[in-house]
$ cat upload.cif   # mmCIF, C-alpha atoms
data_coords
#
loop_
_atom_site.label_atom_id
_atom_site.label_comp_id
_atom_site.auth_asym_id
_atom_site.auth_seq_id
_atom_site.Cartn_x
_atom_site.Cartn_y
_atom_site.Cartn_z
CA MET A 898 -15.22 -25.89 -19.44
CA ILE A 899 -14.78 -22.74 -17.37
CA ASN A 900 -12.03 -22.86 -14.77
CA LYS A 901 -13.77 -21.58 -11.65
CA ALA A 902 -10.52 -21.01 -9.74
CA LEU A 903 -9.16 -18.88 -12.58
CA VAL A 904 -12.40 -16.88 -12.84
CA LEU A 905 -12.34 -16.29 -9.08
CA THR A 906 -8.73 -15.12 -9.27
CA TYR A 907 -9.53 -12.57 -11.98
CA PHE A 908 -12.59 -11.49 -10.01
CA TYR A 909 -10.40 -10.77 -6.96
CA LEU A 910 -7.99 -8.83 -9.16
CA LEU A 911 -10.86 -6.79 -10.59
CA ILE A 912 -12.14 -6.05 -7.07
CA TYR A 913 -8.63 -4.98 -6.02
CA ILE A 914 -8.25 -2.65 -9.03
CA LEU A 915 -11.69 -1.11 -8.48
CA LEU A 916 -11.21 -0.64 -4.73
CA SER A 917 -7.69 0.71 -5.09
CA SER A 918 -8.77 3.24 -7.70
CA GLY A 919 -11.96 4.00 -5.79
CA VAL A 920 -10.21 4.77 -2.50
CA ILE A 921 -7.80 7.19 -4.18
CA LEU A 922 -10.54 8.98 -6.13
CA TYR A 923 -12.81 9.04 -3.06
CA ASN A 924 -10.05 10.57 -0.89
CA LYS A 925 -9.43 13.23 -3.53
CA TRP A 926 -13.15 14.02 -3.75
CA VAL A 927 -13.51 14.31 0.03
CA LEU A 928 -10.42 16.48 0.51
CA SER A 929 -10.76 18.73 -2.55
CA PRO A 930 -12.10 22.27 -1.86
CA LYS A 931 -13.94 22.07 -5.21
CA TYR A 932 -16.04 19.06 -4.18
CA PHE A 933 -16.85 17.82 -0.66
CA ASN A 934 -14.46 20.41 0.77
CA PHE A 935 -13.02 18.67 3.82
CA PRO A 936 -9.41 19.93 3.62
CA PHE A 937 -8.17 18.01 6.66
CA PRO A 938 -6.06 15.08 5.45
CA ILE A 939 -4.75 14.16 8.91
CA THR A 940 -8.31 13.92 10.24
CA LEU A 941 -9.37 11.74 7.32
CA THR A 942 -6.38 9.44 7.84
CA MET A 943 -7.13 9.19 11.58
CA ILE A 944 -10.72 8.18 10.77
CA HIS A 945 -9.36 5.41 8.54
CA MET A 946 -6.95 4.21 11.23
CA ALA A 947 -9.59 4.26 13.98
CA PHE A 948 -12.13 2.38 11.87
CA SER A 949 -9.62 -0.21 10.61
CA GLY A 950 -8.21 -0.80 14.09
CA LEU A 951 -11.70 -1.22 15.56
CA VAL A 952 -12.79 -3.72 12.90
CA ALA A 953 -9.52 -5.65 13.28
CA PHE A 954 -10.08 -5.77 17.05
CA PHE A 955 -13.53 -7.33 16.62
CA LEU A 956 -12.25 -9.81 14.01
CA ILE A 957 -9.40 -10.96 16.26
CA ARG A 958 -10.67 -10.61 19.82
CA VAL A 959 -14.44 -11.00 19.50
CA PHE A 960 -15.14 -13.16 16.43
CA LYS A 961 -11.69 -14.82 16.53
CA VAL A 962 -11.44 -14.99 12.73
CA VAL A 963 -7.66 -14.71 12.99
CA ALA A 964 -5.42 -15.66 15.89
CA PRO A 965 -3.24 -12.85 17.35
CA VAL A 966 0.53 -13.26 17.32
CA LYS A 967 2.72 -13.39 20.39
CA MET A 968 3.55 -9.72 20.74
CA THR A 969 6.02 -8.74 23.44
CA PHE A 970 6.58 -5.17 24.63
CA GLU A 971 10.11 -5.22 23.22
CA ILE A 972 8.92 -6.28 19.75
CA TYR A 973 6.12 -3.71 19.83
CA ALA A 974 8.43 -0.89 20.89
CA THR A 975 11.29 -1.69 18.53
CA CYS A 976 9.32 -2.96 15.53
CA VAL A 977 5.66 -1.93 15.41
CA VAL A 978 6.17 1.62 16.75
CA PRO A 979 8.79 2.81 14.20
CA ILE A 980 6.98 1.11 11.32
CA SER A 981 3.72 2.76 12.40
CA ALA A 982 5.41 6.15 12.62
CA PHE A 983 6.63 6.03 9.02
CA PHE A 984 3.35 4.52 7.84
CA ALA A 985 1.42 7.37 9.46
CA SER A 986 3.82 9.89 7.91
CA SER A 987 3.47 8.42 4.42
CA LEU A 988 -0.34 8.55 4.63
CA TRP A 989 -0.31 12.06 6.07
CA PHE A 990 1.94 13.51 3.36
CA GLY A 991 0.36 11.45 0.60
CA ASN A 992 -3.18 12.54 1.46
CA THR A 993 -2.09 16.16 1.88
CA ALA A 994 -0.79 16.12 -1.70
CA TYR A 995 -4.41 15.71 -2.91
CA LEU A 996 -5.07 19.29 -1.80
CA HIS A 997 -2.49 20.65 -4.25
CA ILE A 998 -2.00 18.36 -7.26
CA SER A 999 -4.12 16.10 -9.45
CA VAL A 1000 -4.63 12.36 -8.99
CA ALA A 1001 -3.06 11.72 -12.42
CA PHE A 1002 0.13 13.60 -11.53
CA ILE A 1003 0.28 11.89 -8.13
CA GLN A 1004 0.19 8.49 -9.87
CA MET A 1005 3.01 9.61 -12.14
CA LEU A 1006 5.10 10.69 -9.17
CA LYS A 1007 4.46 7.31 -7.52
CA ALA A 1008 6.61 5.75 -10.24
CA LEU A 1009 9.47 7.00 -8.05
CA MET A 1010 8.62 4.43 -5.36
CA PRO A 1011 11.02 1.73 -6.66
CA VAL A 1012 13.76 4.38 -6.88
CA ALA A 1013 13.26 5.50 -3.28
CA THR A 1014 12.98 1.91 -2.02
CA PHE A 1015 16.11 0.80 -3.88
CA PHE A 1016 18.29 3.62 -2.57
CA MET A 1017 16.91 3.29 0.97
CA GLY A 1018 17.60 -0.43 0.78
CA VAL A 1019 21.18 0.15 -0.37
CA MET A 1020 21.73 2.68 2.43
CA CYS A 1021 20.33 0.30 5.06
CA GLY A 1022 22.09 -2.76 3.68
CA THR A 1023 18.98 -4.71 2.63
CA ASP A 1024 19.76 -4.34 -1.07
CA LYS A 1025 22.99 -4.49 -3.03
CA PRO A 1026 24.06 -1.86 -5.60
CA ARG A 1027 23.61 -3.28 -9.09
CA CYS A 1028 24.37 -1.61 -12.38
CA ASP A 1029 21.28 -2.90 -14.21
CA VAL A 1030 18.93 -1.83 -11.40
CA PHE A 1031 20.68 1.54 -11.06
CA LEU A 1032 20.22 2.24 -14.78
CA ASN A 1033 16.53 1.38 -14.43
CA MET A 1034 16.23 3.80 -11.51
CA VAL A 1035 17.88 6.55 -13.57
CA LEU A 1036 15.42 5.92 -16.40
CA VAL A 1037 12.47 6.05 -13.99
CA SER A 1038 13.71 9.36 -12.61
CA VAL A 1039 14.19 10.82 -16.11
CA GLY A 1040 10.64 9.78 -17.02
CA VAL A 1041 9.18 11.39 -13.89
CA VAL A 1042 11.15 14.61 -14.52
CA ILE A 1043 9.79 14.77 -18.09
CA SER A 1044 6.29 14.11 -16.81
CA SER A 1045 6.66 16.84 -14.17
CA TYR A 1046 7.94 19.29 -16.79
CA GLY A 1047 4.81 18.60 -18.84
CA GLU A 1048 2.43 19.15 -15.91
CA ILE A 1049 0.28 22.22 -16.63
CA HIS A 1050 -0.84 22.73 -13.03
CA PHE A 1051 2.53 21.98 -11.44
CA ASN A 1052 2.54 22.81 -7.73
CA ILE A 1053 5.80 22.66 -5.82
CA VAL A 1054 4.10 22.28 -2.42
CA GLY A 1055 2.00 19.31 -3.53
CA THR A 1056 4.98 17.73 -5.27
CA VAL A 1057 7.13 18.06 -2.12
CA TYR A 1058 4.37 16.52 0.00
CA GLN A 1059 4.00 13.57 -2.36
CA VAL A 1060 7.74 12.94 -2.71
CA THR A 1061 8.14 13.18 1.07
CA GLY A 1062 5.35 10.63 1.47
CA ILE A 1063 7.12 8.33 -0.99
CA LEU A 1064 10.38 8.63 0.96
CA ALA A 1065 8.58 7.89 4.24
CA GLU A 1066 6.91 4.85 2.68
CA ALA A 1067 10.23 3.62 1.25
CA LEU A 1068 11.87 3.93 4.65
CA ARG A 1069 8.96 2.08 6.23
CA LEU A 1070 9.35 -0.79 3.76
CA VAL A 1071 13.07 -1.07 4.42
CA LEU A 1072 12.50 -0.86 8.18
CA THR A 1073 9.94 -3.63 7.84
CA GLN A 1074 12.53 -5.87 6.22
CA VAL A 1075 15.28 -5.05 8.72
CA LEU A 1076 13.19 -5.19 11.90
CA LEU A 1077 11.00 -8.16 11.00
CA GLN A 1078 13.96 -10.19 9.86
CA LYS A 1079 15.59 -9.48 13.21
CA THR A 1080 12.52 -10.33 15.33
CA GLY A 1081 11.01 -13.02 13.11
CA LEU A 1082 7.54 -11.45 13.43
CA THR A 1083 5.02 -12.15 10.68
CA LEU A 1084 1.58 -10.58 10.37
CA ASN A 1085 -1.24 -10.92 7.86
CA PRO A 1086 -3.30 -7.89 6.75
CA ILE A 1087 -5.81 -8.23 9.60
CA THR A 1088 -3.28 -8.61 12.41
CA SER A 1089 -1.14 -5.83 10.92
CA LEU A 1090 -4.16 -3.49 11.08
CA TYR A 1091 -4.79 -4.63 14.66
CA TYR A 1092 -1.29 -3.61 15.80
CA ILE A 1093 -0.33 -0.82 13.41
CA ALA A 1094 -3.56 1.17 12.97
CA PRO A 1095 -3.94 2.24 16.65
CA CYS A 1096 -0.26 3.14 16.88
CA SER A 1097 -0.47 5.17 13.66
CA PHE A 1098 -3.55 6.94 15.06
CA VAL A 1099 -1.53 8.02 18.11
CA PHE A 1100 1.30 9.35 15.94
CA LEU A 1101 -1.15 11.34 13.83
CA PHE A 1102 -2.83 12.81 16.92
CA VAL A 1103 0.08 15.17 17.66
CA PRO A 1104 0.23 16.90 14.24
CA TRP A 1105 -3.58 16.93 14.22
CA CYS A 1106 -3.67 18.91 17.47
CA LEU A 1107 -1.11 21.39 16.13
CA LEU A 1108 -2.20 21.77 12.52
CA GLU A 1109 -5.84 20.84 12.02
CA LYS A 1110 -7.68 21.05 15.34
CA PRO A 1111 -7.43 24.88 15.58
CA ALA A 1112 -8.63 25.28 11.98
CA MET A 1113 -11.54 22.89 12.52
CA GLU A 1114 -12.72 24.86 15.54
CA VAL A 1115 -13.06 28.11 13.61
CA SER A 1116 -14.23 26.84 10.21
CA GLN A 1117 -17.63 25.61 9.08
CA ILE A 1118 -17.01 21.87 8.80
CA GLN A 1119 -19.24 19.76 6.60
CA PHE A 1120 -19.38 16.47 8.45
CA ASN A 1121 -21.48 13.72 6.90
CA PHE A 1122 -21.35 10.44 8.82
CA TRP A 1123 -22.22 8.26 5.82
CA ILE A 1124 -19.54 9.87 3.64
CA PHE A 1125 -16.79 9.20 6.17
CA PHE A 1126 -18.13 5.76 7.08
CA SER A 1127 -18.25 4.63 3.44
CA ASN A 1128 -14.82 6.15 2.81
CA ALA A 1129 -13.28 4.27 5.73
CA LEU A 1130 -15.13 1.10 4.71
CA CYS A 1131 -13.63 1.30 1.21
CA ALA A 1132 -10.14 1.67 2.71
CA LEU A 1133 -10.71 -1.40 4.90
CA ALA A 1134 -12.13 -3.40 2.00
CA LEU A 1135 -9.01 -2.56 -0.01
CA ASN A 1136 -6.82 -4.16 2.66
CA LEU A 1137 -8.97 -7.29 2.72
CA SER A 1138 -8.96 -7.50 -1.08
CA ILE A 1139 -5.17 -7.40 -1.02
CA PHE A 1140 -5.25 -10.36 1.38
CA LEU A 1141 -7.31 -12.30 -1.19
CA VAL A 1142 -5.21 -11.19 -4.19
CA ILE A 1143 -1.87 -12.14 -2.63
CA GLY A 1144 -3.31 -15.48 -1.55
CA ARG A 1145 -4.46 -16.45 -5.05
CA THR A 1146 -1.75 -14.93 -7.23
CA GLY A 1147 1.94 -14.11 -7.13
CA ALA A 1148 4.44 -11.43 -8.01
CA VAL A 1149 3.96 -11.07 -11.76
CA THR A 1150 0.15 -10.98 -11.73
CA VAL A 1151 0.01 -8.45 -8.92
CA ARG A 1152 2.55 -6.17 -10.60
CA VAL A 1153 0.71 -6.34 -13.93
CA ALA A 1154 -2.55 -5.54 -12.15
CA GLY A 1155 -0.83 -2.59 -10.48
CA VAL A 1156 0.37 -1.20 -13.81
CA LEU A 1157 -3.11 -1.65 -15.29
CA LYS A 1158 -4.64 0.04 -12.26
CA ASP A 1159 -2.36 3.08 -12.63
CA TRP A 1160 -3.38 3.65 -16.25
CA ILE A 1161 -7.07 3.14 -15.44
CA LEU A 1162 -6.79 5.53 -12.50
CA ILE A 1163 -5.10 8.22 -14.58
CA ALA A 1164 -7.84 7.94 -17.22
CA LEU A 1165 -10.65 7.86 -14.65
CA SER A 1166 -9.29 10.87 -12.76
CA THR A 1167 -9.60 13.05 -15.85
CA VAL A 1168 -13.26 12.04 -16.12
CA VAL A 1169 -14.17 12.39 -12.44
CA PHE A 1170 -12.14 15.59 -12.04
CA PRO A 1171 -12.39 17.52 -15.35
CA GLU A 1172 -9.90 20.14 -14.15
CA SER A 1173 -7.18 17.46 -14.33
CA THR A 1174 -5.46 17.95 -17.66
CA ILE A 1175 -3.00 15.43 -19.09
CA THR A 1176 -0.51 16.65 -21.67
CA GLY A 1177 1.43 14.69 -24.27
CA LEU A 1178 4.62 15.31 -22.29
CA ASN A 1179 2.92 13.84 -19.20
CA ILE A 1180 2.14 10.65 -21.10
CA ILE A 1181 5.60 10.38 -22.69
CA GLY A 1182 7.37 10.90 -19.37
CA TYR A 1183 5.13 8.46 -17.54
CA ALA A 1184 5.48 5.86 -20.32
CA ILE A 1185 9.29 6.08 -20.03
CA ALA A 1186 9.12 5.72 -16.26
CA LEU A 1187 6.63 2.86 -16.52
CA CYS A 1188 8.79 0.94 -19.02
CA ALA A 1189 11.70 1.21 -16.59
CA VAL A 1190 9.48 0.09 -13.68
CA VAL A 1191 8.26 -2.93 -15.70
CA MET A 1192 11.88 -3.82 -16.48
CA TYR A 1193 12.77 -3.45 -12.79
CA ASN A 1194 9.85 -5.74 -11.87
CA TYR A 1195 11.06 -8.28 -14.41
CA ILE A 1196 14.54 -8.23 -12.85
CA LYS A 1197 13.13 -8.67 -9.33
CA VAL A 1198 10.82 -11.51 -10.36
CA LYS A 1199 13.63 -13.21 -12.27
CA ASP A 1200 15.91 -12.92 -9.23
CA GLY A 1201 13.20 -14.12 -6.86
CA ARG A 1202 12.29 -17.33 -8.64
CA ALA A 1203 12.67 -20.39 -6.42
CA PRO A 1204 12.15 -24.17 -6.81
CA GLN A 1205 8.58 -25.35 -7.32
CA LEU A 1206 6.51 -26.36 -4.31
CA PRO A 1207 5.14 -29.92 -4.09
CA SER A 1208 2.26 -30.52 -6.48
CA ASP A 1209 -0.60 -29.75 -4.10
CA SER A 1210 -3.54 -27.85 -5.51
CA ILE A 1211 -3.81 -24.13 -4.92
CA GLN A 1212 -6.73 -24.61 -2.57
CA GLU A 1213 -4.91 -27.31 -0.58
CA ARG A 1214 -1.84 -25.10 -0.10
CA LEU A 1215 -3.89 -22.10 0.93
CA THR A 1216 -6.01 -24.21 3.28
CA LYS A 1217 -2.97 -25.80 4.92
CA ASP A 1218 -1.32 -22.43 5.40
CA TRP A 1219 -4.51 -20.83 6.75
CA LYS A 1220 -5.06 -23.68 9.24
CA PHE A 1221 -1.46 -23.38 10.39
CA GLU A 1222 -1.88 -19.63 10.91
CA LYS A 1223 -5.11 -20.21 12.85
CA LYS A 1224 -3.66 -22.93 15.09
CA SER A 1225 -0.33 -21.35 15.83
CA SER A 1226 0.70 -17.90 16.91
CA ASP A 1227 4.34 -18.88 17.23
CA ILE A 1228 6.86 -16.37 15.99
CA PHE A 1229 8.17 -17.34 12.57
CA ILE A 1230 11.32 -16.08 10.90
CA PRO A 1231 10.27 -14.90 7.45
CA ASN A 1232 12.57 -14.89 4.46
CA ILE A 1233 11.71 -11.35 3.41
CA SER A 1234 15.05 -9.94 2.41
CA ASN A 1235 17.20 -10.75 -0.59
CA ASP A 1236 19.41 -13.70 0.20
CA ALA A 1237 22.89 -14.44 -1.04
CA ASN A 1238 21.47 -15.98 -4.19
CA GLY A 1239 19.39 -12.94 -5.00
CA GLY A 1240 16.09 -14.52 -3.97
CA SER A 1241 13.29 -12.41 -2.55
CA ASN A 1242 9.69 -13.03 -1.61
CA PHE A 1243 6.81 -10.97 -2.86
CA ASN A 1244 6.27 -7.90 -0.74
CA SER A 1245 2.98 -6.13 -0.16
CA SER A 1246 4.81 -2.87 -0.75
CA GLU A 1247 4.69 -3.63 -4.45
CA LEU A 1248 0.97 -2.93 -4.38
CA ASN A 1249 1.83 0.70 -3.80
CA ASP A 1250 -1.53 1.88 -2.47
CA GLU A 1251 -2.73 4.55 -0.13
CA GLU A 1252 -4.07 2.35 2.63
CA VAL A 1253 -1.84 -0.70 2.82
CA PRO A 1254 -0.26 -1.03 6.27
CA LEU A 1255 0.74 -4.59 5.53
CA ILE A 1256 3.71 -6.32 7.03
CA SER A 1257 4.36 -9.13 4.59
CA SER A 1258 3.13 -12.50 5.73
CA SER A 1259 6.01 -14.66 4.63
CA ARG A 1260 3.99 -17.82 4.35
CA LEU A 1261 1.17 -16.22 2.39
CA SER A 1262 3.37 -14.32 -0.01
CA HIS A 1263 5.62 -17.37 -0.48
CA ILE A 1264 2.60 -19.44 -1.48
CA GLY A 1265 1.33 -16.77 -3.88
CA HIS A 1266 4.79 -16.34 -5.37
CA GLN A 1267 5.33 -20.03 -5.95
CA LEU A 1268 1.83 -20.84 -7.22
CA SER A 1269 1.69 -18.64 -10.27
CA ASN A 1270 4.69 -16.32 -10.21
CA CYS A 1271 2.45 -13.36 -10.93
CA SER A 1272 2.02 -9.71 -9.46
CA SER A 1273 0.01 -6.42 -8.65
CA GLN A 1274 -0.42 -1.78 -5.23
CA ARG A 1275 -0.19 0.57 -4.08
CA SER A 1276 -3.25 3.11 -3.29
#
$ encode --input "upload.cif" --output "C-alpha cells"
Amino acid sequence: MINKALVLTYFYLLIYILLSSGVILYNKWVLSPKYFNFPFPITLTMIHMAFSGLVAFFLIRVFKVVAPVKMTFEIYATCVVPISAFFASSLWFGNTAYLHISVAFIQMLKALMPVATFFMGVMCGTDKPRCDVFLNMVLVSVGVVISSYGEIHFNIVGTVYQVTGILAEALRLVLTQVLLQKTGLTLNPITSLYYIAPCSFVFLFVPWCLLEKPAMEVSQIQFNFWIFFSNALCALALNLSIFLVIGRTGAVTVRVAGVLKDWILIALSTVVFPESTITGLNIIGYAIALCAVVMYNYIKVKDGRAPQLPSDSIQERLTKDWKFEKKSSDIFIPNISNDANGGSNFNSSELNDEEVPLISSSRLSHIGHQLSNCSSQRS
C-alpha cells in the first residue's frame, strides 16, 4: 500500500528542487544581456522584496493566515534591521554575479558557504574551533580553488561579487543566531517576509538611486509586466515551498535534496545557457568540495541529534505546533545555537538559496529535525 504521507513529502521536495533551480535560472535569463537583457540586479531584487512583502502583508493582516509576532521598536531596530541589511547585500551581490559568470560556476562557488559561515561563527563566538570541521573547510576551499582554476570563462569581477555575497549571507546567518538568541524572537517564512522584505527594500533603494536609476533613465529598458510578475511569484513560491519542506522533513533530507539540486542545476544551466561550458577540472574541483560539504553536514547532523519526541504522528505534531503558532504570538526563546553538548537545530540557511530571508522558526525546525532527521537550500 502506498504511503500517502511519504509520497507527499517527496512531492514537496520535488517542488522545492524545481522552484529553487527555476528561480536561479530565471534570474540569470532576465539579467543576462544575451537573453532578456535587463542588467539591473538591484531593481530585480527590489521587485522581489516589494512583491513578497505585499503578499505577506495580505496573508497576515487581511486574510489572517498567520498571526504576527509581538514586535517592539527595540527588537526591530536591533534585530530585524541589521539582518535585513545583510540579507539585502547578499541578494544584491549574488544577483549581480549573474551578469559576469555562469550559473554552474556560481553553484560551485556556493560550496564556500559552510566555510564562510563556520569562520564567521568562530569569530562571533557562535561556533567553536574544531579540528575535524577545520580540515573539512580546508578541503572545501581546495576544491573550489581547483574548480575556479578549471573555469574557462573565469571573471574576477563576477567571482568577487559572488564571494562578497556569500560573506554577507554568512554574516547574516551568524547575526540571526546571535540576535535572535538574545531577543528570543522566532518567525516563520511568512512573518519573516512581512518584517524583513520591506526593510531590505529600503536598504536596496539607496544603491539603486546611485547605481541603477541613472542608467535606467538613459537606456532603452525592456519592461514586461508578466515576466517580472512571474519571476517574483516564483521567488515567493520558493519561500512557501521551503516552509512545507522544513515542516515535513528534517536536516538530512533537506541537505541531500540541496546536494541533488546543485547537480541538477549545474546540468540544466549548460542546457538552458549553451555558452556555459563545464570542464573536467570544474567537475573534479566541485566533487572534492562537495564531498567535504557532505562530510561537514554529517558532522553537524551527528552533533545535532537529540532524544526522540513522544510518539505522536507527524500530522499531529505539525498540527499542534501550527495551532500553537496561530493562537499565540508570545515571544519564544529558540534553541538555535550550538549548546554545550554540541546540539544544534536545523537552520534554514542550509537551504542556501537566492531568495530565502528566513529566520529559523525554532519550533518548526525542531519538529522537522526530530521527525525524520533528514535535510535540504539555498537559491
$ closest_residue --input "upload.cif" --among "A:Ile998, A:Leu1032, A:Val904, A:Ile1175" --to "Phe1051 in chain A" --atoms "all atoms listed in the file"
A:Ile998
$ atom_distance --input "upload.cif" --atom1 "CA of Leu996 in chain A" --atom2 "CA of Leu1135 in chain A"
22.3 Å
$ resolve_selection --input "upload.cif" --expression "the PyMOL selection byres ((chain A and resi 1007) around 12)" --output "ChimeraX atom specification"
/A:991,994,1000-1006,1008-1014,1037-1038,1040-1041,1044-1045,1056,1058-1064,1066-1067,1155-1156,1159,1163,1183,1186-1187,1190,1247-1251,1274-1276
$ closest_residue --input "upload.cif" --among "A:Ile899, A:Leu1137, A:Ile1087, A:Ile1124" --to "Phe933 in chain A" --atoms "all atoms listed in the file"
A:Ile1124
$ resolve_selection --input "upload.cif" --expression "the PyMOL selection byres ((chain A and resi 988) around 9)" --output "number ranges by chain"
A: 938-939, 942, 983-987, 989-993, 1062, 1065-1066, 1251-1252
$ atom_distance --input "upload.cif" --atom1 "CA of Cys1096 in chain A" --atom2 "CA of Thr1073 in chain A"
15.2 Å
$ closest_residue --input "upload.cif" --among "A:Ile944, A:Leu1101, A:Leu951, A:Leu922" --to "Ala1164 in chain A" --atoms "only C-alpha atoms"
A:Leu922
$ closest_residue --input "upload.cif" --among "A:Gly1018, A:Gly950, A:Pro979, A:Pro1086" --to "Asn1136 in chain A" --atoms "all atoms listed in the file"
A:Pro1086
$ axis_aligned_box --input "upload.cif" --around "range 999-1018 of chain A" --padding-each-side "6 Å" --output "lines of an AutoDock Vina configuration file"
center_x = 6.8
center_y = 7.8
center_z = -5.7
size_x = 34.9
size_y = 28.5
size_z = 25.4
$ atom_distance --input "upload.cif" --atom1 "CA of Ser1116 in chain A" --atom2 "CA of Phe948 in chain A"
24.6 Å
$ residues_near_point --input "upload.cif" --point "(8.2, -3.4, 15.3)" --cutoff "12 Å" --atoms "all atoms listed in the file" --output "VMD selection string"
chain A and resid 968 to 984 1069 to 1070 1072 to 1084 1089 1092 to 1093 1096 1256
$ build_atoms --input "upload.cif" --residues "range 902-916 of chain A" --atoms "N, CA and C atoms" --output "tab-separated table (two decimals), in the coordinates of the input"
chain	number	residue	atom	x	y	z
A	902	ALA	N	-11.61	-21.60	-10.54
A	902	ALA	CA	-10.52	-21.01	-9.74
A	902	ALA	C	-9.91	-19.82	-10.46
A	903	LEU	N	-9.73	-19.96	-11.80
A	903	LEU	CA	-9.16	-18.88	-12.58
A	903	LEU	C	-10.10	-17.68	-12.63
A	904	VAL	N	-11.40	-17.96	-12.81
A	904	VAL	CA	-12.40	-16.88	-12.84
A	904	VAL	C	-12.42	-16.15	-11.51
A	905	LEU	N	-12.34	-16.91	-10.41
A	905	LEU	CA	-12.34	-16.29	-9.08
A	905	LEU	C	-11.10	-15.42	-8.87
A	906	THR	N	-9.96	-15.90	-9.38
A	906	THR	CA	-8.73	-15.12	-9.27
A	906	THR	C	-8.86	-13.78	-9.98
A	907	TYR	N	-9.36	-13.81	-11.22
A	907	TYR	CA	-9.53	-12.57	-11.98
A	907	TYR	C	-10.59	-11.67	-11.34
A	908	PHE	N	-11.58	-12.28	-10.71
A	908	PHE	CA	-12.59	-11.49	-10.01
A	908	PHE	C	-11.96	-10.74	-8.84
A	909	TYR	N	-11.10	-11.43	-8.07
A	909	TYR	CA	-10.40	-10.77	-6.96
A	909	TYR	C	-9.51	-9.64	-7.46
A	910	LEU	N	-8.83	-9.87	-8.59
A	910	LEU	CA	-7.99	-8.83	-9.16
A	910	LEU	C	-8.81	-7.61	-9.58
A	911	LEU	N	-9.98	-7.88	-10.18
A	911	LEU	CA	-10.86	-6.79	-10.59
A	911	LEU	C	-11.34	-6.00	-9.37
A	912	ILE	N	-11.70	-6.72	-8.30
A	912	ILE	CA	-12.14	-6.05	-7.07
A	912	ILE	C	-11.01	-5.19	-6.51
A	913	TYR	N	-9.78	-5.75	-6.52
A	913	TYR	CA	-8.63	-4.98	-6.02
A	913	TYR	C	-8.42	-3.70	-6.83
A	914	ILE	N	-8.46	-3.81	-8.16
A	914	ILE	CA	-8.25	-2.65	-9.03
A	914	ILE	C	-9.33	-1.59	-8.79
A	915	LEU	N	-10.58	-2.04	-8.69
A	915	LEU	CA	-11.69	-1.11	-8.48
A	915	LEU	C	-11.59	-0.42	-7.11
A	916	LEU	N	-11.31	-1.21	-6.07
A	916	LEU	CA	-11.21	-0.64	-4.73
A	916	LEU	C	-10.02	0.29	-4.60
